[in-house]
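Shown here: target_13.cif, mmCIF, C-alpha atoms.
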```cif
data_run
loop_
_atom_site.group_PDB
_atom_site.id
_atom_site.type_symbol
_atom_site.label_atom_id
_atom_site.label_comp_id
_atom_site.auth_asym_id
_atom_site.auth_seq_id
_atom_site.Cartn_x
_atom_site.Cartn_y
_atom_site.Cartn_z
ATOM 1 C CA MET A 1 0.000 0.000 0.000
ATOM 2 C CA ALA A 2 1.450 3.360 -1.048
ATOM 3 C CA GLU A 3 2.201 5.860 1.687
ATOM 4 C CA LYS A 4 -0.268 8.734 1.927
ATOM 5 C CA LEU A 5 1.182 12.089 0.869
ATOM 6 C CA GLU A 6 0.143 15.155 2.870
ATOM 7 C CA THR A 7 1.021 18.824 2.438
ATOM 8 C CA GLY A 8 1.675 21.294 5.235
ATOM 9 C CA ARG A 9 3.813 24.222 6.282
ATOM 10 C CA ILE A 10 7.063 23.884 8.220
ATOM 11 C CA VAL A 11 6.703 26.062 11.311
ATOM 12 C CA ARG A 12 9.844 25.050 13.222
ATOM 13 C CA SER A 13 13.322 23.865 12.264
ATOM 14 C CA LEU A 14 15.705 22.578 14.913
ATOM 15 C CA SER A 15 18.671 20.182 14.730
ATOM 16 C CA GLY A 16 17.460 18.334 11.637
ATOM 17 C CA PHE A 17 13.850 18.005 12.808
ATOM 18 C CA TYR A 18 10.970 19.898 11.217
ATOM 19 C CA ASP A 19 7.522 20.549 12.714
ATOM 20 C CA VAL A 20 4.954 20.494 9.917
ATOM 21 C CA VAL A 21 1.416 21.780 10.490
ATOM 22 C CA LEU A 22 -1.194 19.513 8.899
ATOM 23 C CA PRO A 23 -5.016 19.771 9.052
ATOM 24 C CA ASP A 24 -5.175 17.412 12.049
ATOM 25 C CA GLY A 25 -2.191 18.765 13.996
ATOM 26 C CA THR A 26 1.589 19.096 13.967
ATOM 27 C CA LEU A 27 3.866 16.301 12.769
ATOM 28 C CA THR A 28 7.596 16.213 13.624
ATOM 29 C CA CYS A 29 9.583 15.075 10.602
ATOM 30 C CA LYS A 30 13.082 14.378 9.350
ATOM 31 C CA ALA A 31 14.107 15.098 5.762
ATOM 32 C CA ARG A 32 14.825 12.504 3.088
ATOM 33 C CA GLY A 33 18.494 12.272 2.170
ATOM 34 C CA ILE A 34 17.597 12.813 -1.487
ATOM 35 C CA LEU A 35 16.688 16.435 -0.679
ATOM 36 C CA ARG A 36 20.281 17.107 0.345
ATOM 37 C CA LYS A 37 21.475 15.536 -2.893
ATOM 38 C CA GLN A 38 19.139 17.913 -4.719
ATOM 39 C CA GLY A 39 20.726 20.824 -2.866
ATOM 40 C CA LEU A 40 17.562 21.451 -0.864
ATOM 41 C CA SER A 41 17.437 21.978 2.874
ATOM 42 C CA PRO A 42 13.979 22.468 4.422
ATOM 43 C CA LEU A 43 13.403 25.958 5.827
ATOM 44 C CA THR A 44 10.848 27.369 8.211
ATOM 45 C CA GLY A 45 8.032 28.716 6.045
ATOM 46 C CA ASP A 46 8.397 26.007 3.401
ATOM 47 C CA MET A 47 5.370 24.166 2.104
ATOM 48 C CA ALA A 48 6.343 20.500 2.285
ATOM 49 C CA VAL A 49 4.971 17.143 1.163
ATOM 50 C CA VAL A 50 5.306 14.614 4.000
ATOM 51 C CA THR A 51 4.490 11.003 4.823
ATOM 52 C CA ARG A 52 3.696 9.560 8.241
ATOM 53 C CA GLN A 53 5.791 6.872 9.865
ATOM 54 C CA GLY A 54 3.986 6.104 13.092
ATOM 55 C CA GLU A 55 3.999 9.189 15.287
ATOM 56 C CA LYS A 56 6.809 10.772 13.260
ATOM 57 C CA GLY A 57 7.049 11.775 9.629
ATOM 58 C CA MET A 58 9.364 12.290 6.689
ATOM 59 C CA VAL A 59 9.701 15.357 4.450
ATOM 60 C CA GLU A 60 9.513 13.912 0.936
ATOM 61 C CA GLN A 61 9.413 17.098 -1.141
ATOM 62 C CA ILE A 62 9.758 20.870 -0.811
ATOM 63 C CA LEU A 63 7.231 22.757 -2.921
ATOM 64 C CA PRO A 64 8.511 25.670 -5.035
ATOM 65 C CA ARG A 65 9.401 28.745 -2.979
ATOM 66 C CA LYS A 66 8.541 32.314 -3.884
ATOM 67 C CA ASN A 67 11.679 33.395 -2.031
ATOM 68 C CA SER A 68 14.198 32.252 0.564
ATOM 69 C CA PHE A 69 16.895 33.803 2.731
ATOM 70 C CA VAL A 70 20.197 32.507 4.071
ATOM 71 C CA ARG A 71 20.165 34.526 7.284
ATOM 72 C CA PRO A 72 17.548 34.426 8.642
ATOM 73 C CA ALA A 73 17.032 30.924 7.180
ATOM 74 C CA VAL A 74 13.393 31.301 6.123
ATOM 75 C CA ALA A 75 11.220 30.864 3.029
ATOM 76 C CA ASN A 76 8.044 32.253 1.467
ATOM 77 C CA VAL A 77 8.249 35.562 3.304
ATOM 78 C CA ASP A 78 5.768 38.353 2.496
ATOM 79 C CA ALA A 79 7.516 41.020 4.555
ATOM 80 C CA LEU A 80 10.672 41.436 6.580
ATOM 81 C CA VAL A 81 10.421 43.510 9.767
ATOM 82 C CA ILE A 82 13.866 44.820 10.704
ATOM 83 C CA PHE A 83 14.099 45.826 14.353
ATOM 84 C CA ALA A 84 16.439 48.645 15.311
ATOM 85 C CA ALA A 85 17.084 50.837 18.324
ATOM 86 C CA ASN A 86 19.130 53.893 19.202
ATOM 87 C CA VAL A 87 19.868 52.731 22.726
ATOM 88 C CA ASN A 88 21.546 49.620 24.150
ATOM 89 C CA PRO A 89 22.158 48.101 21.705
ATOM 90 C CA VAL A 90 22.524 50.837 19.095
ATOM 91 C CA THR A 91 21.792 49.507 15.615
ATOM 92 C CA GLU A 92 24.290 50.386 12.899
ATOM 93 C CA PRO A 93 22.578 51.924 9.817
ATOM 94 C CA PHE A 94 24.797 49.786 7.575
ATOM 95 C CA LEU A 95 23.241 46.649 9.059
ATOM 96 C CA ILE A 96 19.746 47.967 8.301
ATOM 97 C CA ASP A 97 20.818 48.861 4.765
ATOM 98 C CA ARG A 98 22.355 45.440 4.193
ATOM 99 C CA VAL A 99 19.205 43.628 5.286
ATOM 100 C CA THR A 100 16.808 45.911 3.389
ATOM 101 C CA ALA A 101 18.952 45.504 0.261
ATOM 102 C CA ILE A 102 18.758 41.716 0.550
ATOM 103 C CA ALA A 103 14.981 41.936 0.947
ATOM 104 C CA GLY A 104 14.677 44.387 -1.941
ATOM 105 C CA ASN A 105 16.792 42.144 -4.162
ATOM 106 C CA LYS A 106 14.242 39.369 -3.589
ATOM 107 C CA GLY A 107 11.208 41.607 -4.012
ATOM 108 C CA VAL A 108 10.225 41.380 -0.346
ATOM 109 C CA GLU A 109 8.759 44.388 1.477
ATOM 110 C CA SER A 110 10.893 45.807 4.301
ATOM 111 C CA ILE A 111 9.345 47.422 7.367
ATOM 112 C CA LEU A 112 11.630 49.174 9.850
ATOM 113 C CA CYS A 113 10.513 48.842 13.458
ATOM 114 C CA VAL A 114 12.338 51.339 15.670
ATOM 115 C CA ASN A 115 11.973 49.890 19.157
ATOM 116 C CA LYS A 116 12.750 51.078 22.707
ATOM 117 C CA THR A 117 11.377 54.531 21.898
ATOM 118 C CA ASP A 118 10.430 54.948 25.547
ATOM 119 C CA LEU A 119 14.199 55.273 26.167
ATOM 120 C CA ASP A 120 15.261 57.040 22.935
ATOM 121 C CA ARG A 121 12.924 58.199 20.171
ATOM 122 C CA ALA A 122 15.659 57.690 17.543
ATOM 123 C CA GLU A 123 14.324 60.650 15.567
ATOM 124 C CA GLU A 124 17.243 60.715 13.112
ATOM 125 C CA LEU A 125 16.868 57.002 12.363
ATOM 126 C CA VAL A 126 13.146 57.493 11.758
ATOM 127 C CA ARG A 127 13.789 60.514 9.529
ATOM 128 C CA VAL A 128 16.446 58.815 7.390
ATOM 129 C CA TYR A 129 14.412 55.721 6.590
ATOM 130 C CA THR A 130 11.133 57.560 6.148
ATOM 131 C CA HIS A 131 12.921 59.799 3.634
ATOM 132 C CA ALA A 132 14.342 56.693 1.947
ATOM 133 C CA GLY A 133 10.790 55.476 1.338
ATOM 134 C CA PHE A 134 10.446 52.703 3.918
ATOM 135 C CA ARG A 135 7.515 52.170 6.201
ATOM 136 C CA VAL A 136 8.844 53.054 9.663
ATOM 137 C CA ILE A 137 6.989 52.160 12.859
ATOM 138 C CA SER A 138 8.121 53.444 16.257
ATOM 139 C CA THR A 139 7.409 50.977 19.047
ATOM 140 C CA SER A 140 8.054 50.245 22.689
ATOM 141 C CA ALA A 141 7.657 46.782 24.149
ATOM 142 C CA GLU A 142 7.641 48.486 27.563
ATOM 143 C CA THR A 143 4.713 50.877 26.977
ATOM 144 C CA GLY A 144 2.967 49.158 24.062
ATOM 145 C CA ALA A 145 3.357 52.211 21.827
ATOM 146 C CA GLY A 146 3.111 51.447 18.113
ATOM 147 C CA LEU A 147 2.024 47.837 18.590
ATOM 148 C CA GLU A 148 -1.372 48.287 16.971
ATOM 149 C CA GLU A 149 0.216 49.939 13.920
ATOM 150 C CA LEU A 150 2.686 47.056 13.664
ATOM 151 C CA ARG A 151 -0.119 44.510 14.000
ATOM 152 C CA GLN A 152 -2.010 46.149 11.137
ATOM 153 C CA ALA A 153 1.156 46.294 8.984
ATOM 154 C CA ILE A 154 1.698 42.528 9.203
ATOM 155 C CA GLN A 155 -1.961 41.451 9.090
ATOM 156 C CA GLY A 156 -2.528 38.593 6.641
ATOM 157 C CA LYS A 157 1.177 38.184 5.909
ATOM 158 C CA LEU A 158 3.942 35.702 6.665
ATOM 159 C CA THR A 159 6.501 37.996 8.252
ATOM 160 C CA ALA A 160 10.021 37.467 9.545
ATOM 161 C CA PHE A 161 11.191 39.518 12.520
ATOM 162 C CA THR A 162 14.920 40.120 12.422
ATOM 163 C CA GLY A 163 17.517 42.504 13.801
ATOM 164 C CA ASN A 164 20.520 42.645 16.069
ATOM 165 C CA SER A 165 20.416 40.730 19.350
ATOM 166 C CA GLY A 166 18.805 42.489 22.307
ATOM 167 C CA VAL A 167 16.838 44.965 20.226
ATOM 168 C CA GLY A 168 13.513 43.555 21.444
ATOM 169 C CA LYS A 169 12.101 41.248 18.766
ATOM 170 C CA SER A 170 10.905 38.589 21.209
ATOM 171 C CA SER A 171 9.582 41.199 23.638
ATOM 172 C CA ILE A 172 7.453 42.751 20.899
ATOM 173 C CA LEU A 173 6.217 39.325 19.785
ATOM 174 C CA ASN A 174 5.224 38.549 23.370
ATOM 175 C CA ARG A 175 3.183 41.751 23.429
ATOM 176 C CA LEU A 176 1.521 40.887 20.111
ATOM 177 C CA CYS A 177 0.734 37.352 21.274
ATOM 178 C CA PRO A 178 1.038 37.105 25.091
ATOM 179 C CA ASN A 179 0.371 33.351 25.314
ATOM 180 C CA LEU A 180 3.710 32.657 23.567
ATOM 181 C CA ALA A 181 5.790 33.666 26.621
ATOM 182 C CA LEU A 182 9.007 33.670 24.588
ATOM 183 C CA PRO A 183 12.248 34.043 26.562
ATOM 184 C CA THR A 184 13.890 37.450 26.323
ATOM 185 C CA GLY A 185 17.501 38.334 27.041
ATOM 186 C CA GLU A 186 19.225 41.037 29.005
ATOM 187 C CA VAL A 187 21.547 43.354 27.121
ATOM 188 C CA SER A 188 25.164 43.516 28.186
ATOM 189 C CA GLU A 189 25.862 47.105 29.256
ATOM 190 C CA LYS A 190 29.562 46.635 28.539
ATOM 191 C CA LEU A 191 29.236 45.156 25.056
ATOM 192 C CA GLY A 192 25.911 46.737 24.075
ATOM 193 C CA ARG A 193 24.791 43.366 22.725
ATOM 194 C CA GLY A 194 21.965 41.102 23.671
ATOM 195 C CA ARG A 195 22.164 37.413 24.373
ATOM 196 C CA HIS A 196 20.818 35.188 21.637
ATOM 197 C CA THR A 197 17.547 34.109 23.222
ATOM 198 C CA THR A 198 16.169 32.752 19.934
ATOM 199 C CA ARG A 199 18.293 29.763 18.895
ATOM 200 C CA HIS A 200 16.132 28.397 16.116
ATOM 201 C CA VAL A 201 13.673 29.715 13.563
ATOM 202 C CA GLU A 202 10.041 29.256 14.480
ATOM 203 C CA LEU A 203 6.795 30.453 12.941
ATOM 204 C CA PHE A 204 4.012 31.651 15.264
ATOM 205 C CA PRO A 205 0.376 32.204 14.224
ATOM 206 C CA LEU A 206 -1.043 35.511 15.423
ATOM 207 C CA ASP A 207 -4.356 34.595 13.798
ATOM 208 C CA ALA A 208 -5.562 32.263 11.041
ATOM 209 C CA GLU A 209 -3.965 34.409 8.316
ATOM 210 C CA THR A 210 -1.005 36.053 10.051
ATOM 211 C CA PHE A 211 2.270 34.309 10.831
ATOM 212 C CA VAL A 212 5.445 35.684 12.346
ATOM 213 C CA MET A 213 8.902 34.155 12.396
ATOM 214 C CA ASP A 214 11.126 35.086 15.295
ATOM 215 C CA THR A 215 14.684 34.539 14.122
ATOM 216 C CA PRO A 216 18.051 34.357 15.903
ATOM 217 C CA GLY A 217 19.515 37.806 16.409
ATOM 218 C CA PHE A 218 22.605 38.820 14.487
ATOM 219 C CA SER A 219 25.245 41.467 14.829
ATOM 220 C CA SER A 220 27.269 43.377 12.261
ATOM 221 C CA PHE A 221 29.872 40.616 12.539
ATOM 222 C CA ASP A 222 27.474 38.144 10.931
ATOM 223 C CA THR A 223 26.835 40.051 7.714
ATOM 224 C CA ASP A 224 29.263 37.919 5.712
ATOM 225 C CA GLN A 225 26.867 35.002 6.223
ATOM 226 C CA MET A 226 24.013 36.860 4.544
ATOM 227 C CA ASP A 227 22.814 36.493 0.997
ATOM 228 C CA ILE A 228 25.059 37.778 -1.785
ATOM 229 C CA ILE A 229 23.755 40.447 -4.179
ATOM 230 C CA LEU A 230 25.480 40.713 -7.549
ATOM 231 C CA LYS A 231 27.005 44.158 -8.001
ATOM 232 C CA GLU A 232 24.979 44.879 -11.143
ATOM 233 C CA ASN A 233 21.751 44.181 -9.228
ATOM 234 C CA LEU A 234 22.615 46.182 -6.121
ATOM 235 C CA GLN A 235 21.324 49.520 -7.428
ATOM 236 C CA TYR A 236 17.828 48.039 -7.797
ATOM 237 C CA ALA A 237 17.854 46.859 -4.170
ATOM 238 C CA PHE A 238 17.871 50.483 -2.955
ATOM 239 C CA PRO A 239 14.317 51.799 -3.583
ATOM 240 C CA ASP A 240 15.415 55.400 -2.936
ATOM 241 C CA PHE A 241 17.724 55.129 -5.971
ATOM 242 C CA GLY A 242 14.753 54.362 -8.236
ATOM 243 C CA PRO A 243 13.883 57.916 -9.405
ATOM 244 C CA TYR A 244 17.477 58.453 -10.571
ATOM 245 C CA LEU A 245 18.223 55.174 -12.333
ATOM 246 C CA GLY A 246 18.723 55.524 -16.074
ATOM 247 C CA LYS A 247 19.629 59.215 -15.751
ATOM 248 C CA CYS A 248 23.403 58.800 -15.505
ATOM 249 C CA GLN A 249 25.714 59.670 -18.394
ATOM 250 C CA PHE A 250 26.786 56.038 -18.750
ATOM 251 C CA HIS A 251 24.226 53.236 -18.997
ATOM 252 C CA ASP A 252 26.482 50.888 -17.019
ATOM 253 C CA CYS A 253 27.288 53.450 -14.330
ATOM 254 C CA SER A 254 28.359 51.893 -11.020
ATOM 255 C CA HIS A 255 27.434 55.153 -9.207
ATOM 256 C CA ARG A 256 30.839 55.455 -7.601
ATOM 257 C CA LYS A 257 33.322 57.601 -9.539
ATOM 258 C CA GLU A 258 31.809 58.097 -12.985
ATOM 259 C CA PRO A 259 31.111 61.680 -14.173
ATOM 260 C CA ASP A 260 27.517 62.941 -14.372
ATOM 261 C CA CYS A 261 26.204 60.206 -12.076
ATOM 262 C CA ALA A 262 22.625 61.004 -11.071
ATOM 263 C CA ILE A 263 22.809 58.838 -7.946
ATOM 264 C CA ARG A 264 25.967 60.464 -6.598
ATOM 265 C CA GLU A 265 24.643 63.937 -7.408
ATOM 266 C CA ALA A 266 21.400 63.139 -5.564
ATOM 267 C CA ALA A 267 23.393 62.007 -2.531
ATOM 268 C CA GLU A 268 25.501 65.175 -2.602
ATOM 269 C CA ALA A 269 22.307 67.257 -2.806
ATOM 270 C CA GLY A 270 20.717 65.397 0.116
ATOM 271 C CA ASP A 271 17.930 63.920 -2.020
ATOM 272 C CA ILE A 272 19.377 60.486 -1.209
ATOM 273 C CA GLU A 273 20.508 60.090 2.394
ATOM 274 C CA ARG A 274 24.298 60.112 2.643
ATOM 275 C CA THR A 275 24.364 57.114 4.986
ATOM 276 C CA ARG A 276 22.352 55.140 2.441
ATOM 277 C CA TYR A 277 24.761 56.030 -0.365
ATOM 278 C CA ASP A 278 27.761 55.165 1.830
ATOM 279 C CA SER A 279 26.177 51.781 2.568
ATOM 280 C CA TYR A 280 25.726 51.226 -1.165
ATOM 281 C CA LEU A 281 29.450 51.890 -1.723
ATOM 282 C CA LYS A 282 30.432 49.405 1.000
ATOM 283 C CA LEU A 283 28.064 46.761 -0.360
ATOM 284 C CA TYR A 284 29.275 47.352 -3.927
ATOM 285 C CA GLU A 285 32.871 46.807 -2.822
ATOM 286 C CA LYS A 286 31.866 43.539 -1.161
ATOM 287 C CA ALA A 287 29.783 42.454 -4.167
ATOM 288 C CA ALA A 288 32.636 43.235 -6.567
ATOM 289 C CA GLN A 289 34.758 40.602 -4.805
ATOM 290 C CA TYR A 290 32.141 37.925 -5.422
ATOM 291 C CA LYS A 291 32.876 35.603 -8.329
ATOM 292 C CA GLU A 292 29.624 33.944 -9.366
ATOM 293 C CA TRP A 293 31.391 31.116 -11.222
ATOM 294 C CA GLU A 294 33.209 30.088 -8.014
ATOM 295 C CA HIS A 295 29.863 29.388 -6.348
ATOM 296 C CA LYS A 296 28.226 27.427 -9.153
#
```

Go ahead and render the structure in this file as structure tokens.
Amino acid sequence: MAEKLETGRIVRSLSGFYDVVLPDGTLTCKARGILRKQGLSPLTGDMAVVTRQGEKGMVEQILPRKNSFVRPAVANVDALVIFAANVNPVTEPFLIDRVTAIAGNKGVESILCVNKTDLDRAEELVRVYTHAGFRVISTSAETGAGLEELRQAIQGKLTAFTGNSGVGKSSILNRLCPNLALPTGEVSEKLGRGRHTTRHVELFPLDAETFVMDTPGFSSFDTDQMDIILKENLQYAFPDFGPYLGKCQFHDCSHRKEPDCAIREAAEAGDIERTRYDSYLKLYEKAAQYKEWEHK
């Protein structure tokens, strides 16, 4: 008798085991070795075809993804919420720009959540990213400010929460869904970094149509593990560059040193935020070192 095939969503990935939500409950599965041979590793957010083997199961197939990320290791994301703060720990703008560029390169909406505003309103951070065209929401896990706006922004979406450790992702998620009681970490005053309280990627339902992934926190030291963007695609990953693309003197302008570059002129005029342009230059330098053929 052939094994029955069932389809569900992976909501938790931990140490080679995958929790898959099916119509009658959650089934803990391992993955078939053939998936590894195919270069596929199941990710939280994947839609998977599974079979039952007693009380456990086996992931037989990963259905086509609309997108996937390396760090955080998630799939089928509708929006990425990047958490930042201007107080213990202070978030580096370059880290925000790196993550939003990765999301933009994959066509995923970025929402910037500026947290801990009860301690520091981070007005400059809010101004820069509002000017750059991102949706920016100011929140406080302590007071509850901004939580309703955030809830409305992610309604009906599969969203990944990400950001540097200690910035308050789990605290905000606990406020959005109190019955989760996720552990939260203290921030080291000396290092200005939080402890990694989230050690795996898990998807939580806020309602029947809204899912949130809380992902392990990262610091600026982890950015080399993130997805690579080819240098020729990088300009399109900065939405604030959009109005100026195609207006440079050279059609293949890298927007660094070429004459009559519309992007550089916009940055010098303040129409593009200088920190954003500086981040582009740093990312371009990193992307220029990437040899696509070496990673085939």

Review point. Which is closer to Ser13 (chain A) than all the others in A:Ala145, A:Leu176, A:Leu40, A:Ala73, using all atoms listed in the file?
Key: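 Smallest separation from Ser13 (chain A) among the options: A:Ala73.
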
Check your understanding: CA of Val70 (chain A) and CA of Ile102 (chain A) are how many Å apart?
Key ->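 Calculated distance between CA of Val70 (chain A) and CA of Ile102 (chain A) is 10.0 Å.
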
Check your understanding: Looking at all atoms listed in the file, which of A:Ala122, A:Val74, A:Ala267, A:Leu80 is the one that sits closest to Phe161 (chain A)?
Key ->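 Ranked by minimum distance to Phe161 (chain A), first place goes to A:Leu80.
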
Exercise for review: Might you spell out which residues the PyMOL selection byres ((chain A and resi 138) around 9) would select in the displayed file, as a list of chain:residue names?
Suggested key: A:Leu112, A:Cys113, A:Val114, A:Asn115, A:Lys116, A:Thr117, A:Arg121, A:Ala122, A:Val126, A:Val136, A:Ile137, A:Thr139, A:Ser140, A:Ala145, A:Gly146, A:Leu147, A:Glu149, A:Leu150

Point to revise | Who sits within 7 Å of Leu230 (chain A), all atoms listed in the file, same chain under 3 positions skipped, as a PyMOL selection string | key: chain A and resi 233-234+287

Practice item. List, as a list in words, every residue that the PyMOL selection byres ((chain A and resi 108) around 9) selects in the file provided. Key: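 So the PyMOL selection byres ((chain A and resi 108) around 9), applied here, picks out Asn67, Val77, Asp78, Ala79, Leu80, Thr100, Ile102, Ala103, Gly104, Asn105, Lys106, Gly107, Glu109 and Ser110 of chain A.
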
Check your understanding: Could you spell out the hits of the PyMOL selection byres ((chain A and resi 254-259) around 10) on the shown file, as number ranges by chain?
Key -> A: 231-232, 234-235, 245, 248-253, 260-265, 277-278, 280-281, 284

Exercise for review: Find the residues around Leu173 (chain A) up to 10 Å (all atoms listed in the file counted), leave out those fewer than 5 positions away in its own chain, and share them as an MDAnalysis selection string.
Suggested key: chainID A and resid 141 147 161 168 178 180:182 204 206 212:214

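Note that CA of Ala75 (chain A) and CA of Leu35 (chain A) are 15.9 Å apart.
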